[in-house]
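Next up, target30.cif (mmCIF, C-alpha atoms and all ligand atoms):
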```
data_entry
#
loop_
_atom_site.label_atom_id
_atom_site.label_comp_id
_atom_site.auth_asym_id
_atom_site.auth_seq_id
_atom_site.Cartn_x
_atom_site.Cartn_y
_atom_site.Cartn_z
CA MET A 1 122.31 85.69 104.16
CA SER A 2 120.40 82.86 105.78
CA TYR A 3 117.24 83.43 107.80
CA PRO A 4 116.42 80.66 110.26
CA GLY A 5 112.91 80.49 111.71
CA ARG A 6 109.73 81.73 110.10
CA GLY A 7 108.85 84.99 108.39
CA ALA A 8 106.63 87.59 110.03
CA LEU A 9 103.03 88.22 109.05
CA VAL A 10 102.67 91.98 108.76
CA VAL A 11 99.34 93.56 107.87
CA LEU A 12 98.64 97.15 106.81
CA GLU A 13 95.16 98.40 107.58
CA GLY A 14 93.22 101.63 107.39
CA CYS A 15 90.36 103.45 105.73
CA ASP A 16 90.44 104.07 101.98
CA LYS A 17 93.21 106.34 100.65
CA ALA A 18 95.23 106.25 103.88
CA GLY A 19 98.43 105.42 101.96
CA LYS A 20 98.62 101.70 102.78
CA THR A 21 99.49 100.55 99.29
CA THR A 22 102.29 103.12 98.92
CA GLN A 23 103.76 102.09 102.27
CA ALA A 24 103.35 98.34 101.62
CA LYS A 25 105.24 98.69 98.34
CA LEU A 26 108.01 100.77 99.94
CA LEU A 27 108.37 98.22 102.73
CA TYR A 28 108.48 95.35 100.24
CA GLU A 29 111.05 96.99 97.95
CA ASN A 30 113.36 98.11 100.75
CA MET A 31 113.26 94.79 102.57
CA ILE A 32 114.17 92.97 99.37
CA LYS A 33 117.06 95.43 98.90
CA ALA A 34 118.19 94.69 102.45
CA GLY A 35 118.22 90.94 101.66
CA ILE A 36 115.20 90.07 103.80
CA PRO A 37 113.02 87.47 102.03
CA THR A 38 109.68 89.23 101.61
CA ASN A 39 106.47 88.89 99.60
CA TYR A 40 103.76 91.48 98.97
CA MET A 41 100.12 90.40 98.96
CA CYS A 42 96.84 92.25 99.05
CA PHE A 43 93.24 91.57 99.98
CA PRO A 44 90.94 91.50 98.23
CA ASP A 45 93.11 89.41 95.91
CA ARG A 46 91.24 90.39 92.75
CA THR A 47 93.02 87.79 90.57
CA THR A 48 91.05 84.69 91.68
CA LYS A 49 87.49 83.70 90.65
CA ILE A 50 86.18 84.91 94.01
CA GLY A 51 88.35 88.02 93.71
CA LYS A 52 86.79 88.87 90.34
CA LEU A 53 83.29 88.79 91.88
CA ILE A 54 84.56 91.12 94.62
CA ASP A 55 86.19 93.44 92.09
CA ASP A 56 82.92 93.75 90.17
CA TYR A 57 81.07 94.38 93.43
CA LEU A 58 83.47 97.18 94.46
CA LYS A 59 83.21 98.79 91.03
CA CYS A 60 79.41 98.60 91.34
CA ASN A 61 79.14 96.33 88.28
CA ASN A 62 77.12 93.85 90.33
CA ASP A 63 75.12 93.76 93.56
CA ILE A 64 75.70 91.01 96.08
CA GLU A 65 73.71 90.58 99.28
CA ASP A 66 75.60 92.07 102.27
CA HIS A 67 76.14 88.80 104.19
CA ALA A 68 77.16 86.99 101.01
CA ILE A 69 79.79 89.58 100.04
CA HIS A 70 81.17 89.53 103.57
CA LEU A 71 81.64 85.75 103.29
CA LEU A 72 83.23 86.11 99.85
CA PHE A 73 85.83 88.58 101.20
CA SER A 74 86.61 86.02 103.91
CA ALA A 75 86.71 83.11 101.42
CA ASN A 76 89.18 85.15 99.37
CA ARG A 77 91.52 85.16 102.40
CA TRP A 78 91.02 81.46 103.16
CA GLU A 79 91.81 80.47 99.58
CA ASN A 80 95.23 82.11 100.05
CA VAL A 81 96.05 80.53 103.45
CA PRO A 82 97.98 77.49 102.13
CA LYS A 83 100.26 79.79 100.13
CA MET A 84 100.69 82.19 103.06
CA LYS A 85 101.62 79.39 105.47
CA GLU A 86 104.06 77.85 103.04
CA LEU A 87 105.85 81.17 102.51
CA LEU A 88 105.93 82.06 106.22
CA HIS A 89 107.32 78.66 107.19
CA ARG A 90 109.93 78.95 104.49
CA GLY A 91 111.14 82.12 106.22
CA THR A 92 109.49 84.70 103.96
CA THR A 93 108.01 87.76 105.61
CA LEU A 94 104.60 88.73 104.21
CA VAL A 95 103.60 92.36 103.85
CA ILE A 96 99.84 92.29 103.33
CA ASP A 97 97.74 95.21 102.21
CA ARG A 98 94.44 94.71 104.20
CA TYR A 99 93.23 91.55 105.97
CA ALA A 100 90.40 90.37 108.21
CA TYR A 101 90.33 93.66 110.15
CA SER A 102 89.14 95.39 106.96
CA GLY A 103 86.63 92.58 106.50
CA VAL A 104 85.10 93.25 109.90
CA ALA A 105 85.50 97.05 109.99
CA PHE A 106 83.79 97.57 106.61
CA SER A 107 80.95 95.03 106.90
CA SER A 108 80.08 96.02 110.45
CA ALA A 109 79.70 99.64 109.33
CA LYS A 110 76.56 98.40 107.55
CA LYS A 111 73.20 98.44 109.26
CA ASN A 112 72.43 95.41 111.46
CA PHE A 113 75.93 93.89 111.28
CA SER A 114 77.66 93.28 114.60
CA LEU A 115 81.43 93.10 115.02
CA ASP A 116 80.94 89.70 116.59
CA TRP A 117 79.00 88.22 113.67
CA CYS A 118 81.47 89.66 111.19
CA LYS A 119 84.47 88.10 112.96
CA GLN A 120 83.20 84.51 112.88
CA CYS A 121 84.22 83.49 109.37
CA ASP A 122 87.81 84.77 109.82
CA ILE A 123 88.42 82.98 113.14
CA GLY A 124 91.44 80.71 112.76
CA LEU A 125 93.20 82.56 109.94
CA PRO A 126 96.95 83.00 110.49
CA LYS A 127 97.28 85.74 113.13
CA PRO A 128 99.33 88.77 112.14
CA ASP A 129 102.46 89.45 114.19
CA LEU A 130 101.97 93.14 113.50
CA VAL A 131 99.02 95.23 112.31
CA LEU A 132 99.97 98.75 111.22
CA PHE A 133 96.85 100.89 111.30
CA PHE A 134 97.32 103.95 109.09
CA ASP A 135 95.18 106.64 110.60
CA LEU A 136 94.47 109.51 108.23
CA ASN A 137 92.31 112.52 108.89
CA MET A 138 89.11 112.12 106.78
CA HIS A 139 89.55 115.64 105.49
CA ASN A 140 92.95 114.68 104.04
CA ALA A 141 91.63 111.38 102.67
CA VAL A 142 88.85 112.89 100.56
CA GLN A 143 91.41 115.22 98.90
CA ARG A 144 93.40 112.28 97.51
CA PRO A 145 93.08 111.49 93.81
CA THR A 146 90.57 108.77 92.84
CA TYR A 147 88.69 109.08 96.16
CA GLY A 148 85.04 108.14 95.74
CA GLN A 149 85.47 105.88 92.73
CA GLU A 150 84.59 102.61 94.48
CA ARG A 151 81.78 101.43 96.71
CA TYR A 152 82.16 102.49 100.39
CA GLU A 153 84.28 105.56 99.52
CA ASN A 154 82.17 108.20 101.21
CA GLN A 155 82.94 110.08 104.37
CA THR A 156 80.03 108.97 106.59
CA PHE A 157 80.70 105.31 105.90
CA GLN A 158 84.48 105.70 106.36
CA GLU A 159 84.01 107.37 109.73
CA LYS A 160 82.09 104.32 110.94
CA VAL A 161 84.78 102.06 109.47
CA ARG A 162 87.48 103.97 111.36
CA ARG A 163 85.64 103.56 114.66
CA ASN A 164 85.29 99.84 114.01
CA PHE A 165 89.02 99.48 113.30
CA LEU A 166 89.78 101.10 116.63
CA LEU A 167 87.40 98.67 118.39
CA LEU A 168 89.40 95.79 116.91
CA GLN A 169 92.72 96.92 118.40
CA ASP A 170 94.66 94.13 120.07
CA GLU A 171 98.25 93.60 121.24
CA SER A 172 99.54 93.33 117.68
CA PHE A 173 98.11 96.75 116.67
CA LYS A 174 100.18 99.85 116.12
CA VAL A 175 98.44 103.08 115.15
CA ILE A 176 100.49 105.15 112.70
CA ASP A 177 99.74 108.83 112.13
CA ALA A 178 99.37 108.87 108.34
CA ASN A 179 98.93 112.64 108.11
CA ARG A 180 102.72 113.11 108.04
CA PRO A 181 104.99 113.09 104.95
CA ILE A 182 105.45 109.70 103.25
CA GLU A 183 109.12 109.35 104.36
CA VAL A 184 108.30 110.02 108.01
CA VAL A 185 105.41 107.56 107.98
CA TYR A 186 107.69 105.04 106.29
CA GLU A 187 110.44 105.33 108.95
CA ASP A 188 107.89 104.64 111.64
CA ALA A 189 106.40 101.68 109.78
CA LYS A 190 109.79 100.19 108.87
CA ASN A 191 111.09 100.23 112.45
CA SER A 192 108.01 98.37 113.67
CA VAL A 193 108.29 95.82 110.89
CA LEU A 194 111.99 95.11 111.57
CA ARG A 195 111.19 94.62 115.25
CA ALA A 196 108.29 92.26 114.40
CA ILE A 197 110.56 90.19 112.16
CA GLN A 198 113.09 89.74 115.00
CA GLU A 199 110.48 88.98 117.63
CA SER A 200 108.37 86.48 115.70
CA ARG A 201 111.12 84.44 114.11
CA PHE A 202 111.07 81.63 116.68
CA LYS A 203 107.47 82.01 117.86
CA PRO A 204 104.82 79.64 116.50
CA LEU A 205 102.34 81.19 114.11
CA GLN A 206 99.07 81.76 115.99
CA GLU A 207 95.41 81.75 114.98
CA LEU A 208 93.34 84.89 114.68
CA TRP A 209 90.56 85.58 117.19
CA VAL A 210 90.66 82.19 118.95
N1 LIG B 301 87.13 95.54 101.91
C1 LIG B 301 88.34 94.92 101.89
C2 LIG B 301 86.02 94.96 102.53
O1 LIG B 301 84.94 95.53 102.54
N2 LIG B 301 86.19 93.74 103.13
C3 LIG B 301 87.38 93.07 103.14
O2 LIG B 301 87.48 91.97 103.70
C4 LIG B 301 88.52 93.70 102.49
C5 LIG B 301 89.83 92.99 102.46
O3 LIG B 301 87.28 96.61 99.86
N3 LIG B 301 87.13 99.82 100.35
C6 LIG B 301 86.97 96.82 101.21
C7 LIG B 301 87.88 97.91 101.65
C8 LIG B 301 88.09 98.76 100.40
C9 LIG B 301 87.84 97.79 99.26
O4 LIG B 301 90.21 97.56 99.03
C10 LIG B 301 89.02 97.42 98.42
P1 LIG B 301 91.45 98.30 98.28
O5 LIG B 301 92.55 98.21 99.30
O6 LIG B 301 91.00 99.71 98.00
O7 LIG B 301 91.71 97.51 97.03
MG MG B 302 90.39 101.49 97.92
#
```
Structure translated into structure tokens:
Amino acid sequence: MSYPGRGALVVLEGCDKAGKTTQAKLLYENMIKAGIPTNYMCFPDRTTKIGKLIDDYLKCNNDIEDHAIHLLFSANRWENVPKMKELLHRGTTLVIDRYAYSGVAFSSAKKNFSLDWCKQCDIGLPKPDLVLFFDLNMHNAVQRPTYGQERYENQTFQEKVRRNFLLLQDESFKVIDANRPIEVVYEDAKNSVLRAIQESRFKPLQELWV
């Protein structure tokens, strides 16, 4: 099957333990099965040098000043932009587990960090065609296995993060009720992704927050 035009940039966002990774993997596997060229990526990309610093920070093995870690998360996206653009222009759809919205929603939940300041370093990144925001009741999130193992995984902080995500909603956002069974959530997500692929194929890739 040949796919003219570019691939879609699809981002999955949400608080910790909302089921993003499960859904991203399901989307990736099923799109490959359906013959749609697709790649899975995630941020932070913990495999690069910058990503290793971030990984240590999240596991509380190191401390990094709040502004500096914010910029490192952003740098970790920028270092992947050439690869993302190449894939998209080759017609590959990207399913990405977290992106700049996480960058802003998490950092701006810290004291003295404004949404506006946090957005600056991500301005100009490739703009997602679709952002699926997985909205999970905090009560359900804290019940999930491994909750609380990494930095930021506490309820007060996550409630601030959730409010920040909702402040970042734009025309590409779709809020998905993640409190439902995996298969129901998946159906909802899949339909939006298939629509985004159709609609963005012949549209130029845009820049985020410009
Ligand atoms: N996170 C993720 C940030 O604070 N800023 C960012 O730019 C990104 C991409 O890292 N708690 C936070 C959100 C998560 C944590 O993500 C790691 P994951 O999806 O649990 O590996
Ligand atoms: Mg996590």
key: Selection near Leu88 of chain A, 7 Å with all atoms listed in the file, sequence-local residues under 5 positions removed, as a ChimeraX atom specification   = /A:6-8,93
ask   = Which is closest to ligand LIG 301 (chain B) among A:Asp116, A:Asp55, A:Glu207, A:Glu199, if we use only C-alpha atoms and all ligand atoms?
value =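 That would be A:Asp55, the residue with the smallest distance to ligand LIG 301 (chain B).
Shortest atom-to-atom contact with ligand LIG 301 (chain B) among A:Phe202, A:Phe133, A:Tyr99, A:Phe113: A:Tyr99, counting only C-alpha atoms and all ligand atoms.
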query = So what do you get for atom CA of Glu29 of chain A versus atom CA of Arg46 of chain A, distance-wise?
reply =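 Computing the Euclidean distance for atom CA of Glu29 of chain A and atom CA of Arg46 of chain A yields 21.5 Å.
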request  = Please write out the residues within 10 Å of ligand LIG 301 (chain B) as a VMD selection string, counting all atoms listed in the file.
outcome  = chain A and resid 12 to 21 42 to 46 54 to 55 57 to 59 66 69 to 77 97 to 109 118 122 147 to 154 158 161
message = Just the number, please: distance in Å from atom CA of Leu208 of chain A to atom CA of Thr38 of chain A, one decimal.
response =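 Separation between atom CA of Leu208 of chain A and atom CA of Thr38 of chain A: 21.4 Å.
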query = Which residue, A:Leu167, A:Trp209, A:Asp135, A:Ala34, has the smallest gap to Cys121 of chain A when you use all atoms listed in the file?
reply = A:Trp209
query = Nearest to ligand MG 302 (chain B): which of A:Leu205, A:Leu87, A:Val142, A:Ala196 is it, counting only C-alpha atoms and all ligand atoms?
reply =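 Using only C-alpha atoms and all ligand atoms, the shortest distance to ligand MG 302 (chain B) belongs to A:Val142.
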request  = Give the answer as one residue: which of A:Ala189, A:Ile96, A:Ala141, A:Leu53 has the shortest atom-to-atom distance to ligand MG 302 (chain B), using only C-alpha atoms and all ligand atoms?
outcome  = A:Ala141
key: Counting all atoms listed in the file, the option among A:Lys203, A:Arg90, A:Arg144, A:Lys160 closest to ligand MG 302 (chain B)   = A:Arg144
Atomic distance atom CA of Cys60 of chain A - atom MG of ligand MG 302 (chain B), expressed in Å with one decimal = 13.1 Å
